[in-house]
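Chemist: target-v4.cif is reproduced in full below (mmCIF, C-alpha atoms).
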data_run
#
loop_
_atom_site.label_atom_id
_atom_site.label_comp_id
_atom_site.auth_asym_id
_atom_site.auth_seq_id
_atom_site.Cartn_x
_atom_site.Cartn_y
_atom_site.Cartn_z
CA MET A 89 95.72 57.83 43.91
CA LYS A 90 98.90 58.95 42.15
CA THR A 91 98.66 61.65 39.52
CA HIS A 92 100.32 60.89 36.21
CA VAL A 93 103.32 63.17 35.68
CA ASN A 94 104.37 64.16 32.18
CA VAL A 95 108.10 64.90 32.07
CA ALA A 96 108.86 67.56 29.46
CA LEU A 97 112.59 68.21 29.91
CA VAL A 98 115.33 65.98 31.32
CA LEU A 99 118.78 67.12 32.42
CA LYS A 100 120.98 64.13 33.14
CA ASN A 101 124.43 64.48 34.73
CA LEU A 102 124.80 67.75 32.83
CA THR A 103 128.29 69.25 33.03
CA ALA A 104 129.16 72.38 31.04
CA ARG A 105 132.01 74.85 30.70
CA TYR A 106 132.55 77.99 28.68
CA PRO A 107 135.40 77.83 26.12
CA ALA A 108 137.86 80.13 27.93
CA ALA A 109 136.96 79.04 31.45
CA VAL A 110 139.12 76.83 33.67
CA GLU A 111 136.37 75.53 35.94
CA ASN A 112 133.07 73.95 35.01
CA ALA A 113 130.08 76.30 35.07
CA LEU A 114 127.71 73.39 35.75
CA GLU A 115 128.62 70.15 37.49
CA ARG A 116 126.57 66.96 37.02
CA ILE A 117 123.11 68.52 37.13
CA THR A 118 120.30 65.97 37.10
CA LEU A 119 116.82 67.46 37.00
CA ASP A 120 113.41 66.70 35.48
CA VAL A 121 110.93 69.42 34.54
CA ASN A 122 107.29 68.43 34.34
CA SER A 123 104.55 69.64 32.03
CA GLY A 124 102.15 71.87 33.91
CA GLU A 125 104.64 73.17 36.48
CA LEU A 126 106.61 76.35 37.07
CA LEU A 127 110.10 75.40 38.21
CA ALA A 128 112.17 78.26 39.62
CA ILE A 129 115.97 78.24 39.44
CA ALA A 130 117.47 80.26 42.30
CA GLY A 131 120.76 80.84 44.06
CA PRO A 132 123.50 83.44 44.61
CA ASN A 133 124.96 85.51 41.79
CA GLY A 134 127.22 83.39 39.61
CA CYS A 135 125.74 80.09 40.78
CA GLY A 136 124.91 78.99 37.20
CA LYS A 137 121.25 79.95 36.67
CA THR A 138 121.72 81.46 33.20
CA THR A 139 124.21 78.75 32.23
CA LEU A 140 121.71 76.07 33.18
CA LEU A 141 119.09 77.63 30.92
CA ARG A 142 121.59 77.92 28.06
CA ALA A 143 122.64 74.29 28.43
CA ALA A 144 119.03 73.13 28.77
CA SER A 145 118.12 74.97 25.56
CA GLY A 146 120.99 73.39 23.63
CA VAL A 147 122.77 76.68 22.95
CA LEU A 148 125.66 75.62 25.19
CA ALA A 149 126.91 72.13 24.39
CA PRO A 150 127.68 70.05 27.50
CA LEU A 151 131.05 68.56 28.32
CA SER A 152 129.20 65.46 29.48
CA GLY A 153 125.68 64.41 30.24
CA SER A 154 122.73 65.67 28.26
CA ALA A 155 119.64 67.85 28.06
CA GLY A 156 116.72 66.41 26.15
CA SER A 157 113.01 65.90 25.84
CA PRO A 158 111.23 62.53 26.12
CA GLY A 159 110.18 61.39 22.67
CA GLN A 160 113.08 63.25 21.05
CA PRO A 161 115.96 60.78 20.63
CA LYS A 162 118.63 63.44 20.09
CA PRO A 163 120.08 65.75 22.77
CA MET A 164 119.08 69.41 22.50
CA HIS A 165 122.52 70.69 21.48
CA THR A 166 122.62 68.38 18.43
CA LEU A 167 119.32 69.63 17.00
CA SER A 168 119.07 72.33 14.37
CA PRO A 169 117.94 75.75 15.66
CA GLU A 170 114.63 75.26 13.85
CA ASN A 171 113.93 71.90 15.51
CA ARG A 172 114.97 73.22 18.93
CA ALA A 173 112.63 76.19 18.48
CA ARG A 174 109.70 73.83 18.00
CA LEU A 175 110.47 72.07 21.28
CA LEU A 176 111.29 75.00 23.53
CA ALA A 177 111.19 78.78 23.59
CA VAL A 178 113.68 81.00 25.39
CA VAL A 179 113.24 84.52 26.76
CA PRO A 180 116.81 85.59 27.60
CA GLN A 181 117.71 88.20 30.19
CA MET A 182 117.59 91.89 29.20
CA VAL A 183 116.80 91.25 25.54
CA GLY A 184 115.47 94.19 23.56
CA LEU A 185 112.65 94.23 21.06
CA PRO A 186 113.55 95.16 17.48
CA SER A 187 112.85 98.81 16.67
CA GLY A 188 110.44 99.76 13.90
CA PHE A 189 108.11 96.81 14.51
CA THR A 190 104.51 96.67 15.59
CA VAL A 191 103.56 94.37 18.44
CA ALA A 192 102.18 91.75 16.03
CA GLU A 193 105.29 91.93 13.83
CA ALA A 194 107.56 91.42 16.83
CA VAL A 195 105.55 88.37 17.92
CA MET A 196 105.60 87.02 14.36
CA LEU A 197 109.37 86.62 14.75
CA GLY A 198 108.53 83.59 16.89
CA ARG A 199 107.27 81.86 13.76
CA ILE A 200 110.59 82.02 11.89
CA SER A 201 111.23 78.33 12.56
CA PHE A 202 108.03 77.52 10.65
CA HIS A 203 108.12 79.81 7.62
CA GLY A 204 111.77 80.94 7.48
CA TRP A 205 113.08 84.47 7.10
CA PHE A 206 112.14 84.99 3.48
CA SER A 207 108.96 82.94 3.04
CA PRO A 208 105.59 84.70 3.31
CA GLU A 209 103.67 84.21 6.55
CA THR A 210 100.77 81.79 6.41
CA ALA A 211 97.28 81.78 7.87
CA ALA A 212 98.57 79.37 10.52
CA ASP A 213 101.30 81.87 11.44
CA ARG A 214 98.81 84.70 11.76
CA GLU A 215 96.50 82.60 13.92
CA ALA A 216 99.40 81.58 16.18
CA VAL A 217 100.34 85.25 16.66
CA ARG A 218 96.71 86.22 17.36
CA ALA A 219 96.36 83.42 19.92
CA ALA A 220 99.65 84.34 21.61
CA LEU A 221 98.65 88.00 21.87
CA ALA A 222 95.25 87.03 23.25
CA ALA A 223 96.91 84.78 25.83
CA VAL A 224 98.95 87.68 27.23
CA GLY A 225 96.10 90.20 26.91
CA LEU A 226 97.63 92.26 24.11
CA GLU A 227 95.39 91.47 21.16
CA SER A 228 94.05 95.05 21.13
CA LEU A 229 97.63 96.42 20.82
CA SER A 230 98.67 94.29 17.84
CA GLY A 231 99.17 97.29 15.55
CA GLN A 232 100.89 99.51 18.11
CA SER A 233 104.58 100.41 17.77
CA ILE A 234 106.74 98.59 20.28
CA GLU A 235 108.61 101.84 21.01
CA THR A 236 105.51 103.08 22.85
CA LEU A 237 105.26 100.15 25.28
CA SER A 238 105.93 100.13 29.00
CA GLY A 239 108.45 97.67 30.42
CA GLY A 240 105.75 95.31 31.65
CA THR A 241 103.94 95.31 28.31
CA ALA A 242 107.20 94.77 26.42
CA GLN A 243 107.89 91.76 28.65
CA ARG A 244 104.50 90.34 27.71
CA VAL A 245 105.36 90.81 24.03
CA LEU A 246 108.51 88.72 24.55
CA ILE A 247 106.45 86.02 26.23
CA ALA A 248 103.91 86.14 23.40
CA ARG A 249 106.74 85.75 20.89
CA ALA A 250 107.87 82.63 22.77
CA LEU A 251 104.32 81.28 22.84
CA ALA A 252 103.91 81.86 19.11
CA GLN A 253 106.66 79.29 18.52
CA GLY A 254 104.22 76.62 19.60
CA ALA A 255 106.78 75.13 21.99
CA SER A 256 105.61 73.37 25.14
CA ILE A 257 108.75 74.25 27.16
CA LEU A 258 109.37 77.87 28.16
CA LEU A 259 112.79 78.89 29.53
CA MET A 260 112.80 82.35 31.15
CA ASP A 261 115.94 84.12 32.36
CA GLU A 262 114.93 86.72 34.97
CA PRO A 263 111.52 87.45 33.40
CA THR A 264 110.78 90.03 36.14
CA ALA A 265 114.08 91.95 35.91
CA HIS A 266 113.58 95.74 35.83
CA LEU A 267 109.83 95.43 36.38
CA ASP A 268 107.96 97.10 39.22
CA ILE A 269 105.94 95.06 41.71
CA ARG A 270 102.72 95.17 39.69
CA TYR A 271 104.34 93.85 36.51
CA GLN A 272 106.38 91.27 38.42
CA ILE A 273 103.16 89.83 39.83
CA GLU A 274 101.34 90.03 36.47
CA THR A 275 104.20 88.35 34.59
CA LEU A 276 104.57 85.43 37.00
CA THR A 277 100.81 85.01 37.33
CA LEU A 278 100.72 84.73 33.54
CA LEU A 279 103.53 82.16 33.44
CA ARG A 280 101.97 80.06 36.18
CA ARG A 281 98.64 80.13 34.32
CA PHE A 282 100.34 78.90 31.14
CA ALA A 283 101.80 76.03 33.11
CA ARG A 284 98.66 75.00 34.98
CA GLU A 285 95.97 75.68 32.38
CA HIS A 286 97.84 74.97 29.15
CA GLY A 287 100.33 72.32 30.28
CA HIS A 288 103.51 74.25 29.52
CA ALA A 289 106.69 73.36 31.37
CA VAL A 290 108.00 76.72 32.59
CA VAL A 291 111.54 77.14 33.93
CA ALA A 292 112.32 80.61 35.28
CA ALA A 293 115.60 81.83 36.75
CA LEU A 294 114.67 84.26 39.53
CA HIS A 295 116.60 86.32 42.05
CA ASP A 296 113.71 87.29 44.30
CA LEU A 297 113.12 84.42 46.71
CA ASN A 298 109.74 85.77 47.78
CA LEU A 299 108.52 85.65 44.18
CA VAL A 300 109.88 82.10 44.02
CA ALA A 301 107.97 81.19 47.18
CA ARG A 302 104.74 82.70 45.91
CA PHE A 303 104.65 81.37 42.37
CA ALA A 304 106.87 78.31 41.94
CA ASP A 305 105.61 74.75 42.20
CA ARG A 306 109.19 73.63 42.80
CA VAL A 307 112.48 75.41 43.28
CA ALA A 308 115.96 74.20 42.36
CA LEU A 309 118.73 75.86 44.37
CA LEU A 310 122.17 76.12 42.78
CA SER A 311 125.54 76.86 44.35
CA GLY A 312 128.79 76.94 42.42
CA GLY A 313 127.21 75.23 39.44
CA ARG A 314 125.82 72.36 41.51
CA LEU A 315 122.25 71.48 42.37
CA VAL A 316 122.06 71.52 46.16
CA ARG A 317 118.29 71.23 46.74
CA CYS A 318 115.14 70.75 44.71
CA GLY A 319 111.63 70.61 46.10
CA SER A 320 108.62 72.66 47.07
CA PRO A 321 109.24 76.21 48.33
CA LYS A 322 108.20 75.17 51.85
CA THR A 323 110.81 72.41 52.00
CA VAL A 324 113.64 74.26 50.23
CA LEU A 325 113.29 77.89 51.32
CA THR A 326 114.29 77.47 54.94
CA ALA A 327 116.68 79.50 57.08
CA GLU A 328 118.85 76.42 57.61
CA ILE A 329 119.39 76.06 53.86
CA LEU A 330 119.41 79.70 52.76
CA THR A 331 121.75 81.16 55.39
CA PRO A 332 124.84 79.17 54.34
CA LEU A 333 123.84 79.33 50.67
CA PHE A 334 123.79 83.13 50.58
CA GLN A 335 126.32 83.61 53.38
CA HIS A 336 123.96 85.95 55.20
CA PRO A 337 121.59 85.34 58.13
CA MET A 338 118.09 84.57 56.90
CA ARG A 339 114.78 84.39 58.68
CA VAL A 340 111.86 82.54 57.08
CA ILE A 341 108.30 82.96 58.37
CA PRO A 342 104.90 81.92 56.97
CA HIS A 343 102.99 84.56 55.02
CA PRO A 344 100.28 85.81 57.39
CA LEU A 345 97.49 85.14 54.88
CA HIS A 346 98.66 82.57 52.35
CA LYS A 347 101.23 80.66 54.43
CA TYR A 348 103.90 80.39 51.72
CA PRO A 349 107.43 81.19 53.02
CA LEU A 350 108.49 84.81 53.45
CA VAL A 351 112.27 85.15 53.25
CA LEU A 352 113.71 88.01 55.33
CA PRO A 353 117.42 88.90 55.41
CA ASP A 354 118.28 89.12 59.10
CA GLY A 355 120.95 91.47 60.44
CA GLU A 356 123.19 94.05 58.80
CA GLU A 357 126.38 92.05 58.46
CA PRO A 358 127.11 88.91 56.43
CA ALA A 359 127.08 85.72 58.43
CA LYS A 360 130.57 85.19 59.88
CA SER A 361 129.83 81.62 60.82
CA ALA A 362 126.97 80.71 58.53
CA GLY A 363 127.97 77.09 58.43
CA LYS A 364 128.73 74.89 55.48
CA LEU A 365 126.92 75.23 52.19
CA PRO A 366 124.14 72.69 51.69
CA GLN A 367 125.40 69.70 49.76
CA PRO A 368 123.60 67.88 46.95
CA ARG A 369 121.53 65.02 48.27
CA LYS A 370 122.89 61.66 47.22
CA LYS A 371 120.46 59.28 45.64
CA ARG A 372 120.06 56.02 47.48
#
Please render this file's structure as structure tokens.
Modeler:
Amino acid sequence: MKTHVNVALVLKNLTARYPAAVENALERITLDVNSGELLAIAGPNGCGKTTLLRAASGVLAPLSGSAGSPGQPKPMHTLSPENRARLLAVVPQMVGLPSGFTVAEAVMLGRISFHGWFSPETAADREAVRAALAAVGLESLSGQSIETLSGGTAQRVLIARALAQGASILLMDEPTAHLDIRYQIETLTLLRRFAREHGHAVVAALHDLNLVARFADRVALLSGGRLVRCGSPKTVLTAEILTPLFQHPMRVIPHPLHKYPLVLPDGEEPAKSAGKLPQPRKKR
């Protein structure tokens, strides 16, 4: 029996370029993101992970193609910031929390699209903040100053702020950057739980391929702004695909307990004859 799949975000032939750039940063990306899944975006430095998230969120207008959500007739980049914020929430890379705020006040910033900057917060706003803090396990710290938080806790505040928006699509740019192993695991466990238990569509750009293998339902590999593979970690994270992609010998073995792929850089020198980069699969 086939399971009904709810598509939350659609990228169709998405091509994008930054104003001063000569070459396209993204080239004809076609990708669906489903409700209830964690989709990882991975690839070498400069492959277009952050650009893809910016174009998907509507912040970067495409040269051609579109990013949109089923049920919303307009592309993301044509929507007002307030309307975009109600569809999707973004946690950008290396963003700081505003100083002088409590945890609850920082999360309340996620409700700006509902009550505006100068309107008083409502009971609905306060309940959304309480629920978001409870979801990330920080309800007891609501009155604490954000200057006192550890890196892992601050990351959870950023996620709570995104959740408080009430958006069903979460776009995360390196959500585990600068976190130690414990907080990396906690953060991705949290994001996967939001996807599976609450039906969020979570898209996370990640560098660590072993975190991708452990937590992602699907992984989209980029190279030079192109989508070269998309599928389950077991089908995409293979030595045959990763060695030419990263231009370094890779060894992939099953995890001894859980059987998901373990990606191991092999050898001390870059691959001199790593082969051709994997090409995008043509649709038949």
Chemist: Given the file shown, enumerate the residues that the PyMOL selection byres ((chain A and resi 185) around 8) captures and present them as a ChimeraX atom specification.
Modeler: /A:183-184,186-187,194,234,242,246
Chemist: Given the PyMOL selection byres ((chain A and resi 216) around 10) and the file above, list the residues it selects as a list in words.
Modeler: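 Output of the PyMOL selection byres ((chain A and resi 216) around 10): Val195, Met196, Gly198, Arg199, Thr210, Ala211, Ala212, Asp213, Arg214, Glu215, Val217, Arg218, Ala219, Ala220, Leu221, Ala222, Ala248, Arg249, Leu251, Ala252, Gln253 and Gly254 of chain A.
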Chemist: Need the shell around Asp268 of chain A: protein/DNA/RNA residues with any atom at most 10 Å away, counting only C-alpha atoms. Skip same-chain ones fewer than 4 positions apart. Format as a list of chain:residue names?
Modeler: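 In the requested format, the answer is A:Gly239, A:Gly240, A:Thr264, A:Gln272, A:Ile273.
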Chemist: Keeping only C-alpha atoms, write the selected residues as a tab-separated table (two decimals), in the frame of the given file.
Modeler:
chain	number	residue	atom	x	y	z
A	239	GLY	CA	108.45	97.67	30.42
A	240	GLY	CA	105.75	95.31	31.65
A	264	THR	CA	110.78	90.03	36.14
A	272	GLN	CA	106.38	91.27	38.42
A	273	ILE	CA	103.16	89.83	39.83
Chemist: Hey, which of A:Glu235, A:Glu193, A:Asp120, A:Glu274 ends up closest to Val291 of chain A? Count all atoms listed in the file.
Modeler: A:Asp120
Chemist: Could you work out how far atom CA of Val290 of chain A lies from atom CA of Leu276 of chain A, giving the answer in Å with one decimal?
Modeler: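 Taking atom CA of Leu276 of chain A and atom CA of Val290 of chain A, their separation equals 10.3 Å.
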Chemist: Excluding Ala304 of chain A and its own-chain neighbours fewer than 5 positions away, which residues fall within 7 Å of it when counting only C-alpha atoms? Please give them as a list in words.
Modeler: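 The neighbour list is Leu126, Leu127 and Ala128 of chain A.
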Chemist: Please report the interatomic distance between atom CA of Leu140 of chain A and atom CA of Leu114 of chain A in Å with one decimal.
Modeler: 7.1 Å
Chemist: Using Å and a single decimal, report how far atom CA of Phe189 of chain A sits from atom CA of Ile257 of chain A.
Modeler: 25.9 Å
Chemist: For the PyMOL selection byres ((chain A and resi 301) around 8), applied here, can you spell out every residue it catches as a VMD selection string?
Modeler: chain A and resid 297 to 300 302 to 304 321 to 322 325 348 to 350
Chemist: Pro353 of chain A: which residues within 9 Å, counting only C-alpha atoms, same-chain residues fewer than 4 positions away excluded, as an mmCIF file with C-alpha atoms, keeping the file's coordinate frame?
Modeler:
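As a result, part_27.cif now contains:
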data_model
loop_
_atom_site.group_PDB
_atom_site.id
_atom_site.type_symbol
_atom_site.label_atom_id
_atom_site.label_comp_id
_atom_site.auth_asym_id
_atom_site.auth_seq_id
_atom_site.Cartn_x
_atom_site.Cartn_y
_atom_site.Cartn_z
ATOM 1 C CA THR A 331 121.750 81.160 55.390
ATOM 2 C CA HIS A 336 123.960 85.950 55.200
ATOM 3 C CA PRO A 337 121.590 85.340 58.130
ATOM 4 C CA MET A 338 118.090 84.570 56.900
ATOM 5 C CA ARG A 339 114.780 84.390 58.680
ATOM 6 C CA VAL A 340 111.860 82.540 57.080
#
Chemist: For Gly146 of chain A, which residue out of A:His288, A:His266, A:Lys162, A:Arg172 is the nearest one, using all atoms listed in the file?
Modeler: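 For Gly146 of chain A, the nearest of the given residues is A:Arg172.
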Chemist: Give me the residues near Ala144 of chain A as a compact mmCIF listing (two decimals) with C-alpha atoms, in the coordinates of the input, where near means some atom within 8 Å (using all atoms listed in the file) and where sequence neighbours in that chain fewer than 2 positions away do not count.
Modeler:
# COMPACT_ATOMS: atom_id res chain seq x y z
CA LEU A 99 118.78 67.12 32.42
CA LEU A 140 121.71 76.07 33.18
CA LEU A 141 119.09 77.63 30.92
CA ARG A 142 121.59 77.92 28.06
CA GLY A 146 120.99 73.39 23.63
CA VAL A 147 122.77 76.68 22.95
CA LEU A 148 125.66 75.62 25.19
CA ALA A 155 119.64 67.85 28.06
CA GLY A 156 116.72 66.41 26.15
CA MET A 164 119.08 69.41 22.50
Chemist: I'd like the contact shell of Tyr106 of chain A - 12 Å cut-off, all atoms listed in the file, skipping same-chain residues fewer than 3 positions apart - returned as a list of chain:residue names.
Modeler: A:Thr103, A:Ala109, A:Val110, A:Glu111, A:Asn112, A:Ala113, A:Leu114, A:Gly136, A:Thr139, A:Leu140, A:Arg142, A:Ala143, A:Val147, A:Leu148, A:Ala149, A:Pro150, A:Leu151
